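> What follows is the file coords.cif, containing mmCIF, C-alpha atoms and all ligand atoms:
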```cif
data_model
loop_
_atom_site.label_atom_id
_atom_site.label_comp_id
_atom_site.auth_asym_id
_atom_site.auth_seq_id
_atom_site.Cartn_x
_atom_site.Cartn_y
_atom_site.Cartn_z
CA MET A 1 -2.08 -21.60 -8.13
CA ILE A 2 -1.07 -23.10 -4.80
CA ILE A 3 1.19 -20.70 -2.91
CA GLN A 4 3.42 -21.91 -0.08
CA PRO A 5 6.08 -19.96 1.81
CA ARG A 6 9.53 -19.94 0.21
CA VAL A 7 11.99 -18.56 2.73
CA ARG A 8 15.52 -17.31 2.07
CA GLY A 9 17.10 -16.12 5.31
CA PHE A 10 15.12 -13.19 6.61
CA ILE A 11 12.91 -12.82 3.54
CA CYS A 12 10.00 -14.80 2.26
CA LEU A 13 9.90 -14.88 -1.53
CA THR A 14 6.20 -15.70 -1.80
CA SER A 15 3.06 -14.06 -0.42
CA HIS A 16 -0.44 -15.37 -0.10
CA PRO A 17 -3.31 -13.21 -1.45
CA GLU A 18 -6.10 -14.64 0.73
CA GLY A 19 -3.79 -14.75 3.77
CA THR A 20 -2.72 -11.12 3.42
CA ALA A 21 -6.39 -10.21 3.01
CA GLN A 22 -7.05 -12.02 6.31
CA ASN A 23 -4.25 -9.99 7.92
CA ILE A 24 -5.87 -6.75 6.69
CA GLN A 25 -9.29 -7.91 7.88
CA ASN A 26 -7.88 -8.64 11.36
CA GLN A 27 -6.28 -5.19 11.55
CA ILE A 28 -9.48 -3.47 10.43
CA GLU A 29 -11.50 -5.39 13.03
CA TYR A 30 -9.07 -4.34 15.75
CA VAL A 31 -9.33 -0.65 14.82
CA LYS A 32 -13.13 -0.84 14.67
CA SER A 33 -13.22 -2.54 18.08
CA LYS A 34 -11.51 0.50 19.60
CA GLY A 35 -14.24 2.90 18.42
CA LYS A 36 -13.91 6.16 16.51
CA ILE A 37 -10.88 8.39 17.06
CA ALA A 38 -12.24 11.74 18.20
CA ASN A 39 -10.99 14.68 16.07
CA GLY A 40 -9.04 12.24 13.90
CA PRO A 41 -7.55 12.93 10.46
CA LYS A 42 -9.82 13.18 7.40
CA LYS A 43 -7.52 13.30 4.36
CA VAL A 44 -4.30 11.38 4.76
CA LEU A 45 -1.20 10.73 2.68
CA VAL A 46 0.85 7.72 3.81
CA ILE A 47 4.33 7.36 2.30
CA GLY A 48 5.38 3.73 2.84
CA ALA A 49 1.77 2.54 3.14
CA SER A 50 1.94 -1.10 2.09
CA THR A 51 3.48 -2.94 5.06
CA GLY A 52 4.46 -2.49 8.71
CA PHE A 53 3.79 0.75 10.54
CA GLY A 54 2.74 2.68 7.42
CA LEU A 55 0.04 0.14 6.55
CA ALA A 56 -1.20 0.11 10.15
CA SER A 57 -1.28 3.93 10.09
CA ARG A 58 -3.39 3.87 6.95
CA ILE A 59 -5.82 1.35 8.44
CA SER A 60 -6.05 3.36 11.68
CA ALA A 61 -6.83 6.56 9.76
CA ALA A 62 -9.36 4.97 7.42
CA PHE A 63 -11.24 2.69 9.80
CA GLY A 64 -10.68 4.68 12.98
CA SER A 65 -11.44 8.11 11.57
CA ASP A 66 -13.23 7.57 8.24
CA ALA A 67 -10.29 9.18 6.47
CA ALA A 68 -9.74 9.28 2.74
CA THR A 69 -6.25 7.87 2.16
CA ILE A 70 -3.64 8.01 -0.55
CA GLY A 71 -0.84 5.45 -0.18
CA VAL A 72 2.60 5.52 -1.77
CA PHE A 73 4.76 2.38 -1.84
CA PHE A 74 7.15 0.30 -3.91
CA GLU A 75 5.72 -3.17 -4.56
CA LYS A 76 5.58 -5.80 -7.25
CA PRO A 77 2.10 -6.24 -8.76
CA ALA A 78 0.54 -9.63 -9.22
CA ALA A 79 0.41 -11.29 -12.61
CA PRO A 80 -0.99 -14.65 -13.77
CA GLY A 81 1.33 -17.39 -12.45
CA LYS A 82 3.56 -14.80 -10.77
CA PRO A 83 2.27 -13.66 -7.40
CA GLY A 84 2.85 -10.10 -6.25
CA THR A 85 4.61 -8.97 -3.09
CA ALA A 86 2.92 -8.95 0.31
CA GLY A 87 2.68 -5.16 0.21
CA TRP A 88 0.87 -5.36 -3.11
CA TYR A 89 -1.72 -7.79 -1.77
CA ASN A 90 -2.01 -5.83 1.48
CA SER A 91 -2.79 -2.68 -0.46
CA ALA A 92 -5.21 -4.40 -2.81
CA ALA A 93 -7.07 -5.92 0.15
CA PHE A 94 -7.06 -2.62 2.02
CA GLU A 95 -8.44 -0.71 -0.96
CA ASN A 96 -11.16 -3.25 -1.57
CA GLU A 97 -12.22 -3.04 2.08
CA ALA A 98 -12.00 0.77 2.15
CA GLN A 99 -14.07 1.16 -1.01
CA ALA A 100 -16.64 -1.34 0.29
CA ALA A 101 -16.91 0.84 3.40
CA GLY A 102 -17.44 3.94 1.25
CA LEU A 103 -13.98 5.34 1.98
CA TYR A 104 -11.81 6.95 -0.68
CA ALA A 105 -8.54 5.01 -1.19
CA LYS A 106 -6.03 5.23 -4.02
CA SER A 107 -2.34 4.40 -4.26
CA ILE A 108 0.75 5.17 -6.27
CA ASN A 109 3.22 2.33 -6.76
CA GLY A 110 6.68 3.76 -7.46
CA ASP A 111 9.88 5.15 -6.00
CA ALA A 112 8.88 7.63 -3.29
CA PHE A 113 12.40 9.09 -3.31
CA SER A 114 11.93 10.30 -6.90
CA ASP A 115 10.67 13.72 -8.01
CA GLU A 116 8.33 11.96 -10.43
CA VAL A 117 6.38 10.07 -7.75
CA LYS A 118 6.16 13.21 -5.63
CA ALA A 119 4.72 15.12 -8.61
CA LYS A 120 2.27 12.29 -9.36
CA THR A 121 1.12 12.25 -5.75
CA ILE A 122 0.58 16.01 -5.73
CA GLU A 123 -1.50 15.73 -8.92
CA LEU A 124 -3.64 13.00 -7.35
CA ILE A 125 -4.21 15.03 -4.18
CA LYS A 126 -5.18 18.10 -6.24
CA GLN A 127 -7.51 16.10 -8.44
CA ASP A 128 -9.28 14.06 -5.74
CA LEU A 129 -8.79 15.54 -2.26
CA GLY A 130 -7.67 19.13 -2.73
CA GLN A 131 -5.51 19.03 0.39
CA VAL A 132 -4.37 16.56 3.05
CA ASP A 133 -4.41 17.15 6.81
CA LEU A 134 -1.97 14.37 7.78
CA VAL A 135 1.20 13.11 6.11
CA VAL A 136 2.66 9.87 7.51
CA TYR A 137 6.25 9.18 6.50
CA SER A 138 7.05 5.48 7.01
CA LEU A 139 9.61 4.45 4.43
CA ALA A 140 12.13 1.74 5.21
CA SER A 141 14.52 1.00 2.39
CA PRO A 142 18.05 -0.30 1.90
CA ARG A 143 18.76 2.19 -0.89
CA ARG A 144 17.84 5.59 -2.31
CA THR A 145 18.67 7.21 -5.58
CA HIS A 146 19.02 10.88 -4.73
CA PRO A 147 16.61 12.90 -6.89
CA LYS A 148 18.90 15.93 -7.23
CA THR A 149 22.33 14.31 -7.67
CA GLY A 150 21.37 10.94 -9.17
CA VAL A 151 23.75 9.23 -6.71
CA ALA A 152 22.59 5.77 -5.58
CA HIS A 153 23.08 5.54 -1.81
CA ALA A 154 23.10 2.17 -0.03
CA SER A 155 22.50 2.05 3.71
CA VAL A 156 24.52 -0.24 5.98
CA LEU A 157 23.67 -1.75 9.37
CA LYS A 158 26.96 -1.54 11.22
CA PRO A 159 28.47 -0.36 14.47
CA ILE A 160 30.63 2.74 14.54
CA GLY A 161 34.07 2.55 16.20
CA VAL A 162 34.56 -0.93 17.61
CA PRO A 163 33.42 -4.41 16.61
CA PHE A 164 30.25 -5.59 18.32
CA THR A 165 29.88 -9.15 19.55
CA ASP A 166 26.69 -10.48 21.06
CA LYS A 167 24.05 -13.15 20.75
CA THR A 168 21.80 -13.49 17.76
CA VAL A 169 19.23 -16.04 16.65
CA ASP A 170 18.35 -17.67 13.37
CA PHE A 171 14.63 -17.39 13.99
CA HIS A 172 13.77 -20.25 11.63
CA SER A 173 16.01 -22.87 13.23
CA GLY A 174 16.05 -21.34 16.73
CA VAL A 175 19.85 -21.62 16.86
CA VAL A 176 21.39 -19.00 19.17
CA SER A 177 24.98 -18.10 18.39
CA ASP A 178 27.49 -15.34 18.86
CA ILE A 179 27.86 -12.87 16.05
CA THR A 180 30.58 -10.28 15.56
CA ILE A 181 29.76 -7.32 13.39
CA ASN A 182 32.72 -5.25 12.31
CA PRO A 183 32.41 -1.48 12.43
CA ILE A 184 32.33 0.69 9.34
CA GLU A 185 35.67 1.30 7.71
CA ASN A 186 34.89 4.65 6.22
CA GLU A 187 32.71 7.58 7.14
CA GLU A 188 30.89 7.36 3.82
CA ASP A 189 28.85 4.48 5.24
CA ILE A 190 27.36 6.88 7.76
CA ALA A 191 26.59 9.51 5.13
CA ASN A 192 25.02 6.90 2.86
CA THR A 193 22.83 5.49 5.63
CA VAL A 194 21.75 9.01 6.59
CA ALA A 195 20.97 9.74 2.93
CA VAL A 196 18.68 6.70 2.76
CA MET A 197 17.00 6.63 6.19
CA GLY A 198 17.56 10.19 7.48
CA GLY A 199 15.21 13.14 7.22
CA GLU A 200 16.09 14.67 3.86
CA ASP A 201 13.47 12.88 1.81
CA TRP A 202 10.77 13.61 4.43
CA LYS A 203 11.77 17.29 4.11
CA PHE A 204 11.66 17.15 0.30
CA TRP A 205 8.14 15.70 0.48
CA ILE A 206 6.87 18.36 2.86
CA GLU A 207 8.55 21.17 0.91
CA GLU A 208 7.03 20.02 -2.35
CA LEU A 209 3.59 19.33 -0.92
CA LYS A 210 3.56 22.75 0.69
CA ALA A 211 4.77 24.57 -2.41
CA ALA A 212 1.96 22.92 -4.37
CA GLY A 213 -0.62 24.15 -1.85
CA VAL A 214 -1.87 20.67 -1.00
CA LEU A 215 -1.26 20.84 2.77
CA ALA A 216 -4.32 21.93 4.75
CA ASP A 217 -4.19 24.59 7.45
CA GLY A 218 -3.23 22.81 10.68
CA VAL A 219 -1.61 19.90 8.84
CA LYS A 220 0.32 17.32 10.86
CA THR A 221 3.16 15.15 9.67
CA VAL A 222 4.74 12.23 11.51
CA ALA A 223 7.76 10.01 10.84
CA TYR A 224 8.83 6.92 12.79
CA SER A 225 11.95 6.26 14.82
CA TYR A 226 13.37 3.68 17.20
CA ILE A 227 15.60 3.76 20.27
CA GLY A 228 15.47 0.37 22.02
CA PRO A 229 17.50 -1.07 24.89
CA GLU A 230 21.18 -0.58 25.62
CA LEU A 231 21.98 -4.08 24.47
CA THR A 232 21.14 -3.16 20.88
CA TYR A 233 22.75 0.31 20.99
CA PRO A 234 25.98 -0.78 19.22
CA ILE A 235 24.07 -2.16 16.22
CA TYR A 236 21.06 0.16 16.32
CA ARG A 237 20.97 3.53 18.04
CA ASN A 238 24.75 4.10 18.22
CA GLY A 239 25.35 2.47 14.83
CA THR A 240 24.90 3.78 11.30
CA ILE A 241 21.09 3.45 11.40
CA GLY A 242 21.05 5.42 14.65
CA ARG A 243 22.81 8.29 12.89
CA ALA A 244 20.05 8.25 10.31
CA LYS A 245 17.42 8.32 13.09
CA ASP A 246 19.26 11.25 14.74
CA ASP A 247 19.05 13.03 11.40
CA LEU A 248 15.34 12.19 10.99
CA GLU A 249 14.56 13.47 14.49
CA GLY A 250 16.72 16.55 13.81
CA THR A 251 14.54 17.44 10.80
CA VAL A 252 11.55 18.31 13.02
CA PRO A 253 12.53 21.95 13.81
CA ALA A 254 13.09 22.75 10.12
CA LEU A 255 9.73 21.24 9.18
CA ASN A 256 7.99 23.13 11.96
CA GLU A 257 9.45 26.37 10.65
CA LEU A 258 8.33 25.49 7.14
CA LEU A 259 4.79 24.66 8.32
CA ASN A 260 4.47 27.54 10.77
CA ASP A 261 2.51 29.88 8.50
CA ILE A 262 -0.14 27.21 7.83
CA ASN A 263 -0.30 26.25 11.52
CA GLY A 264 1.22 22.88 10.71
CA ILE A 265 3.38 20.74 12.94
CA SER A 266 5.73 17.79 12.57
CA TYR A 267 6.49 14.93 14.91
CA VAL A 268 8.70 11.94 15.23
CA SER A 269 7.07 9.02 17.00
CA VAL A 270 9.39 6.49 18.63
CA ASN A 271 7.71 3.12 18.11
CA LYS A 272 8.11 -0.29 19.68
CA ALA A 273 10.35 -3.04 18.26
CA LEU A 274 8.16 -5.25 16.09
CA VAL A 275 8.49 -7.98 13.54
CA THR A 276 8.45 -6.35 10.11
CA GLN A 277 10.28 -7.06 6.88
CA SER A 278 12.78 -4.36 7.84
CA SER A 279 13.49 -5.35 11.45
CA SER A 280 13.99 -9.04 10.69
CA ALA A 281 17.04 -8.03 8.64
CA ILE A 282 18.89 -6.52 11.61
CA PRO A 283 21.22 -8.93 13.49
CA VAL A 284 20.64 -9.35 17.26
CA VAL A 285 17.24 -7.60 17.05
CA PRO A 286 15.11 -10.74 16.39
CA LEU A 287 16.43 -12.37 19.59
CA TYR A 288 15.66 -9.21 21.53
CA ILE A 289 12.15 -9.07 20.01
CA SER A 290 11.41 -12.70 20.84
CA LEU A 291 12.37 -12.14 24.50
CA LEU A 292 10.52 -8.81 24.58
CA TYR A 293 7.34 -10.41 23.21
CA LYS A 294 7.50 -13.10 25.90
CA VAL A 295 7.80 -10.55 28.70
CA MET A 296 5.21 -8.11 27.29
CA LYS A 297 2.69 -10.87 26.59
CA GLU A 298 3.07 -12.20 30.13
CA LYS A 299 2.41 -8.71 31.49
CA GLY A 300 -0.56 -8.26 29.15
CA ILE A 301 0.96 -5.23 27.42
CA HIS A 302 2.02 -6.72 24.09
CA GLU A 303 1.17 -4.73 20.96
CA GLY A 304 1.59 -5.36 17.24
CA THR A 305 1.84 -2.68 14.54
CA ILE A 306 -1.91 -2.08 14.45
CA GLU A 307 -2.23 -1.71 18.25
CA GLN A 308 0.74 0.68 18.21
CA MET A 309 -0.61 2.87 15.42
CA GLN A 310 -4.17 2.93 16.73
CA ARG A 311 -2.79 4.10 20.10
CA LEU A 312 -0.55 6.66 18.39
CA PHE A 313 -3.57 8.16 16.63
CA ALA A 314 -6.09 7.93 19.47
CA GLU A 315 -3.88 8.77 22.46
CA ARG A 316 -1.05 10.90 21.06
CA LEU A 317 -1.69 12.65 17.73
CA TYR A 318 -5.43 13.25 18.15
CA THR A 319 -6.35 13.71 21.79
CA ALA A 320 -9.55 15.20 23.15
CA ASP A 321 -7.81 18.33 24.44
CA GLY A 322 -5.46 18.60 21.46
CA GLN A 323 -2.37 18.15 23.66
CA VAL A 324 0.36 15.88 22.30
CA ALA A 325 2.55 14.34 25.01
CA LEU A 326 6.26 14.57 24.14
CA ASP A 327 9.50 13.45 25.80
CA GLU A 328 12.33 15.79 26.81
CA LYS A 329 13.64 15.71 23.24
CA GLY A 330 10.27 16.60 21.74
CA ARG A 331 9.41 13.10 20.52
CA ILE A 332 6.18 11.11 20.80
CA ARG A 333 6.79 7.86 22.66
CA VAL A 334 4.65 4.81 21.95
CA ASP A 335 7.63 2.65 22.92
CA ASP A 336 6.76 3.60 26.50
CA TRP A 337 5.59 0.10 27.47
CA GLU A 338 8.59 -1.57 25.78
CA MET A 339 10.94 0.71 27.70
CA ARG A 340 9.29 0.26 31.12
CA ALA A 341 11.97 -0.57 33.71
CA ASP A 342 10.29 -3.82 34.80
CA VAL A 343 10.06 -5.01 31.18
CA GLN A 344 13.67 -4.15 30.38
CA GLU A 345 15.01 -5.73 33.58
CA GLU A 346 13.34 -9.03 32.75
CA VAL A 347 14.46 -8.98 29.13
CA ALA A 348 18.05 -8.27 30.22
CA LYS A 349 17.95 -11.24 32.62
CA LEU A 350 16.57 -13.56 29.92
CA TRP A 351 19.11 -12.23 27.44
CA LEU A 352 21.98 -13.57 29.57
CA GLN A 353 20.29 -16.97 29.89
CA ALA A 354 19.24 -17.48 26.26
CA THR A 355 20.68 -20.55 24.51
CA THR A 356 19.56 -22.75 21.64
CA GLU A 357 18.43 -25.33 24.22
CA ASN A 358 16.17 -23.09 26.32
CA LEU A 359 15.01 -20.64 23.65
CA GLU A 360 11.60 -22.19 22.98
CA GLU A 361 10.90 -22.06 26.70
CA ILE A 362 12.19 -18.66 27.79
CA SER A 363 11.37 -16.64 24.67
CA ASP A 364 8.42 -16.15 22.33
CA ILE A 365 10.39 -17.35 19.29
CA LYS A 366 7.22 -19.16 18.22
CA GLY A 367 5.35 -15.86 18.24
CA TYR A 368 8.19 -14.25 16.30
CA ARG A 369 8.04 -16.89 13.59
CA ASP A 370 4.28 -16.71 13.45
CA GLU A 371 4.33 -12.95 12.97
CA PHE A 372 7.06 -13.24 10.37
CA PHE A 373 4.88 -15.60 8.35
CA HIS A 374 1.84 -13.40 8.93
CA LEU A 375 3.69 -10.57 7.16
CA PHE A 376 3.46 -12.64 3.98
CA GLY A 377 -0.06 -13.93 4.58
CA PHE A 378 0.92 -17.35 5.95
CA ASN A 379 0.00 -19.18 9.18
CA PHE A 380 -3.53 -17.84 9.46
CA PRO A 381 -5.83 -20.60 10.77
CA GLU A 382 -8.74 -19.22 8.71
CA VAL A 383 -6.92 -19.81 5.41
CA ASN A 384 -6.58 -23.12 3.55
CA TYR A 385 -3.07 -23.10 2.14
CA ASP A 386 -3.55 -26.31 0.18
CA ALA A 387 -6.29 -24.73 -1.89
CA ASP A 388 -5.80 -22.87 -5.14
CA SER A 389 -5.16 -19.17 -4.69
CA ASN A 390 -6.34 -16.45 -6.98
CA GLU A 391 -2.95 -14.79 -7.46
CA VAL A 392 -4.24 -12.05 -9.72
CA VAL A 393 -5.83 -9.30 -7.69
CA ASN A 394 -6.97 -6.47 -9.87
CA VAL A 395 -7.12 -3.05 -8.25
CA PRO A 396 -7.64 -0.14 -10.62
CA SER A 397 -7.10 2.33 -7.75
CA ILE A 398 -3.39 1.45 -7.62
CA THR A 399 -1.42 3.17 -10.39
P1 LIG B 401 8.38 -1.95 6.32
O1 LIG B 401 9.51 -2.57 5.57
O2 LIG B 401 7.30 -2.85 6.81
O3 LIG B 401 7.68 -0.82 5.41
C1 LIG B 401 8.40 -0.03 4.52
C2 LIG B 401 7.47 0.67 3.55
O4 LIG B 401 8.27 1.52 2.71
C3 LIG B 401 6.72 -0.27 2.58
O5 LIG B 401 5.43 0.26 2.36
C4 LIG B 401 7.54 -0.17 1.29
O6 LIG B 401 6.81 -0.42 0.10
C5 LIG B 401 7.95 1.29 1.35
N1 LIG B 401 9.11 1.61 0.53
C6 LIG B 401 10.38 1.18 0.65
N2 LIG B 401 11.16 1.75 -0.31
C7 LIG B 401 10.34 2.55 -1.04
C8 LIG B 401 10.54 3.42 -2.15
N3 LIG B 401 11.74 3.58 -2.71
N4 LIG B 401 9.46 4.07 -2.63
C9 LIG B 401 8.23 3.91 -2.10
N5 LIG B 401 7.99 3.13 -1.03
C10 LIG B 401 9.04 2.45 -0.52
O7 LIG B 401 9.04 -1.13 7.49
P2 LIG B 401 8.58 -0.70 8.95
O8 LIG B 401 9.28 -1.59 9.92
O9 LIG B 401 7.12 -0.48 9.03
O10 LIG B 401 9.33 0.71 9.06
C11 LIG B 401 8.70 1.96 8.85
C12 LIG B 401 9.38 2.99 9.73
O11 LIG B 401 9.20 2.63 11.09
C13 LIG B 401 10.90 3.09 9.52
O12 LIG B 401 11.30 4.42 9.64
C14 LIG B 401 11.44 2.25 10.67
O13 LIG B 401 12.76 2.60 11.02
C15 LIG B 401 10.45 2.64 11.75
N6 LIG B 401 10.42 1.75 12.93
C16 LIG B 401 10.40 0.39 12.80
C17 LIG B 401 10.40 -0.42 13.95
C18 LIG B 401 10.36 -1.92 13.87
O14 LIG B 401 10.65 -2.58 14.86
N7 LIG B 401 9.97 -2.49 12.75
C19 LIG B 401 10.40 0.18 15.22
C20 LIG B 401 10.37 1.58 15.32
C21 LIG B 401 10.39 2.35 14.15
NA NA B 402 5.64 1.07 6.72
#
```
Please, can you express the file's structure as structure tokens?
Ligand code: NAD
Ligand code: NA

Amino acid sequence: MIIQPRVRGFICLTSHPEGTAQNIQNQIEYVKSKGKIANGPKKVLVIGASTGFGLASRISAAFGSDAATIGVFFEKPAAPGKPGTAGWYNSAAFENEAQAAGLYAKSINGDAFSDEVKAKTIELIKQDLGQVDLVVYSLASPRRTHPKTGVAHASVLKPIGVPFTDKTVDFHSGVVSDITINPIENEEDIANTVAVMGGEDWKFWIEELKAAGVLADGVKTVAYSYIGPELTYPIYRNGTIGRAKDDLEGTVPALNELLNDINGISYVSVNKALVTQSSSAIPVVPLYISLLYKVMKEKGIHEGTIEQMQRLFAERLYTADGQVALDEKGRIRVDDWEMRADVQEEVAKLWLQATTENLEEISDIKGYRDEFFHLFGFNFPEVNYDADSNEVVNVPSIT
């Protein structure tokens, strides 16, 4: 069938199999171009492996370090006449490439928050890998059904305390307007957001993996966080999602204690703002990203998810001398280039100037749009979008 983009607000309802495969191919080529990661991981579990940072982590481990990988994600499989989600096609393409390169790759498609998927994953590790030496935790979800209480928690993206008014952009039309986001009205919104995006599920995973004996001596685990500039603090770091990130970062000491007797260690890596399915849903952030991209590209320091994760692996998690550079709060920072004073000063200046009329000129809104479409396999010059697509991609390694 012929598959074209069908956009509703900040989501694209369709994904292109050959285009997503091109996206995977490009990411693999990038990782290969950087050479092998010395002392890299060998057996890796990635939770949230089908899109964004988790997918890029999986590609970095497999093609940068010849790692066997197990991916966990929640995606819709392809069926005749009914294309699957981008994450499904990404994973299918990744597994085909990995297997062609002689690398072990299998995936579990299901709810990572559930006890059942954790048990299934443990069984698969026992059966095929024995143990894993790296666990990447990269879930981004609007909801979580708690496995112990059965309560369905929904996260919210809101300020805490006072209403927040600032600029935002509709990245499809390029219209810049003011948006006011009202603060939460009850504290439960914070607790729910923490329940979904905080550290509890990461802890449940590590506890259960450890109890099952499937974590190797010296295991590492890493989860991803964000800080960003002051201008997004009200909606991001000081808002409900920021409370969840505080909670995620606050889980590190407990995990380190848990992993101590097997010489394991846990990290949170603070990553750069990037176009992903999750970040395009946050008001104000797309305008910030389009200005940030402009400034970082001009300075020659722009990175996408794959550049970020390859650098995280090669220059932070797996260094030649085994030292992992951390900030004063114990976090890995690969948002270091985003947060450089010269970058932030220029973005802040452009932020004040940005209007519908000058947006194309002063920002990289074109690059934003392009990356948004890339997430779903569209806008790749190598792909003919008028041609028939093979929407059914059969991958027995995804169960
Ligand atoms: P993403 O939406 O691209 O990826 C989310 C992944 O989680 C997908 O693989 C999806 O299938 C999986 N997932 C969601 N719900 C699931 C469930 N119930 N069971 C199993 N899998 C499920 O998101 P992303 O932007 O790559 O975010 C990953 C992490 O990185 C998040 O913690 C996010 O806060 C963080 N981060 C993102 C940015 C950014 O700008 N995008 C910046 C810094 C940090
Ligand atoms: Na991810």
> Fewer than 5 positions away in the same chain doesn't count, so skip those; otherwise give me all residues within 10 Å of region 89-103 of chain A, counting only C-alpha atoms, as JSON, numbers by chain.
{"A": [15, 16, 17, 18, 19, 20, 21, 22, 23, 24, 25, 27, 28, 49, 50, 51, 55, 58, 59, 62, 63, 66, 67, 68, 69, 70, 71, 72, 73, 75, 76, 77, 78, 83, 84, 375, 376, 377, 391, 392, 393, 394, 395, 396, 397, 398]}
> Any idea what's packed within 12 Å of Glu345 (chain A), counting all atoms listed in the file, ignoring anything in its chain fewer than 4 positions away? Could you give it as a list in words?
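In the requested form, the answer reads Pro229, Glu230, Leu231, Leu291, Leu292, Val295, Met296, Glu338, Met339, Arg340, Ala341, Lys349, Leu350, Trp351 and Leu352 of chain A.
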> Per residue of chain A within 8 Å of ligand LIG 401 (chain B), note the shortest atom pair and the distance in Å to one decimal, counting only C-alpha atoms and all ligand atoms, and order the rows by chain and increasing residue number, as a Markdown table.

```
| residue | atom | partner | partner_atom | distance |
| --- | --- | --- | --- | --- |
| A:Ile47 | CA | B:LIG401 | N5 | 6.5 |
| A:Gly48 | CA | B:LIG401 | O5 | 3.5 |
| A:Ala49 | CA | B:LIG401 | O5 | 4.4 |
| A:Ser50 | CA | B:LIG401 | O5 | 3.8 |
| A:Thr51 | CA | B:LIG401 | O2 | 4.2 |
| A:Gly52 | CA | B:LIG401 | O9 | 3.3 |
| A:Phe53 | CA | B:LIG401 | O9 | 3.9 |
| A:Gly54 | CA | B:LIG401 | O9 | 5.6 |
| A:Leu55 | CA | B:LIG401 | O5 | 6.8 |
| A:Val72 | CA | B:LIG401 | C9 | 5.9 |
| A:Phe73 | CA | B:LIG401 | N5 | 3.4 |
| A:Phe74 | CA | B:LIG401 | O6 | 4.1 |
| A:Glu75 | CA | B:LIG401 | O6 | 5.5 |
| A:Gly87 | CA | B:LIG401 | O6 | 6.3 |
| A:Asn109 | CA | B:LIG401 | C9 | 7.0 |
| A:Gly110 | CA | B:LIG401 | N4 | 5.6 |
| A:Asp111 | CA | B:LIG401 | N4 | 3.6 |
| A:Ala112 | CA | B:LIG401 | N4 | 3.7 |
| A:Phe113 | CA | B:LIG401 | N3 | 5.6 |
| A:Ser114 | CA | B:LIG401 | N3 | 7.9 |
| A:Tyr137 | CA | B:LIG401 | O12 | 7.6 |
| A:Ser138 | CA | B:LIG401 | C11 | 4.3 |
| A:Leu139 | CA | B:LIG401 | O4 | 3.7 |
| A:Ala140 | CA | B:LIG401 | C1 | 4.2 |
| A:Ser141 | CA | B:LIG401 | N2 | 4.4 |
| A:Pro142 | CA | B:LIG401 | N2 | 7.5 |
| A:Arg143 | CA | B:LIG401 | N3 | 7.4 |
| A:Arg144 | CA | B:LIG401 | N3 | 6.4 |
| A:Met197 | CA | B:LIG401 | O12 | 7.0 |
| A:Ala223 | CA | B:LIG401 | O12 | 6.7 |
| A:Tyr224 | CA | B:LIG401 | O11 | 4.6 |
| A:Ser225 | CA | B:LIG401 | C21 | 4.3 |
| A:Tyr226 | CA | B:LIG401 | C20 | 4.1 |
| A:Ile227 | CA | B:LIG401 | C20 | 7.5 |
| A:Lys245 | CA | B:LIG401 | O13 | 7.7 |
| A:Ser269 | CA | B:LIG401 | C21 | 8.0 |
| A:Val270 | CA | B:LIG401 | C20 | 6.0 |
| A:Asn271 | CA | B:LIG401 | C20 | 4.2 |
| A:Lys272 | CA | B:LIG401 | C19 | 5.0 |
| A:Ala273 | CA | B:LIG401 | O14 | 3.4 |
| A:Leu274 | CA | B:LIG401 | O14 | 3.9 |
| A:Val275 | CA | B:LIG401 | N7 | 5.7 |
| A:Thr276 | CA | B:LIG401 | O8 | 4.8 |
| A:Gln277 | CA | B:LIG401 | O1 | 4.7 |
| A:Ser278 | CA | B:LIG401 | O1 | 4.4 |
| A:Ser279 | CA | B:LIG401 | N7 | 4.7 |
| A:Ser280 | CA | B:LIG401 | N7 | 8.0 |
| A:Thr305 | CA | B:LIG401 | O9 | 7.9 |
```
> So what do you get for CA of Glu307 (chain A) versus CA of Asp364 (chain A), distance-wise?
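Rounded to one decimal, the two atoms are 18.4 Å apart.
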> Which residue gives the smallest distance to Tyr233 (chain A) among A:Glu188, A:Tyr267, A:Leu157, A:Asn260, with only C-alpha atoms counted?
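Ranked by minimum distance to Tyr233 (chain A), first place goes to A:Leu157.
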> Between CA of Ser65 (chain A) and CA of Trp202 (chain A), what is the spacing in Å?
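Interatomic distance, CA of Trp202 (chain A) to CA of Ser65 (chain A): 24.0 Å.
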> Take CA of Asp128 (chain A) and CA of Asn256 (chain A) and report the distance between them in Å, one decimal.
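Atom-to-atom, CA of Asp128 (chain A) and CA of Asn256 (chain A) are spaced 26.3 Å apart.
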> Have a look at A:Val324, A:Gly304, A:Pro80, A:Ser33 and name the one nearest to Ser389 (chain A); count all atoms listed in the file.
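Among the listed residues, the smallest separation from Ser389 (chain A) belongs to A:Pro80.
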> With distances taken over all atoms listed in the file, which of A:Trp88, A:Phe378, A:Tyr104, A:Tyr368 is nearest to Arg6 (chain A)?
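Closest candidate: A:Phe378.
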> Leaving out Gly9 (chain A) and any residue of its chain fewer than 2 positions from it, which residues lie within 12 Å of it when counting all atoms listed in the file, given as a ChimeraX atom specification?
/A:6-7,11-13,169-173,277,280-283,372
> Out of A:Phe380, A:Phe204, A:Tyr293, A:Tyr30, which residue has the shortest atom-to-atom distance to Gln310 (chain A) when counting all atoms listed in the file?
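For Gln310 (chain A), the nearest of the given residues is A:Tyr30.
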> Set the distance at 8 Å and use all atoms listed in the file: which residues neighbour Gly35 (chain A) once local chain neighbours fewer than 3 positions away are removed? I'd like the list as a PyMOL selection string.
chain A and resi 31-32+64
> The residues within 9 Å of (26.4, 6.1, 8.0), using only C-alpha atoms and the coordinates of the file, should be reported as a ChimeraX atom specification; which are they?
/A:155-158,160,184,186-195,239-244
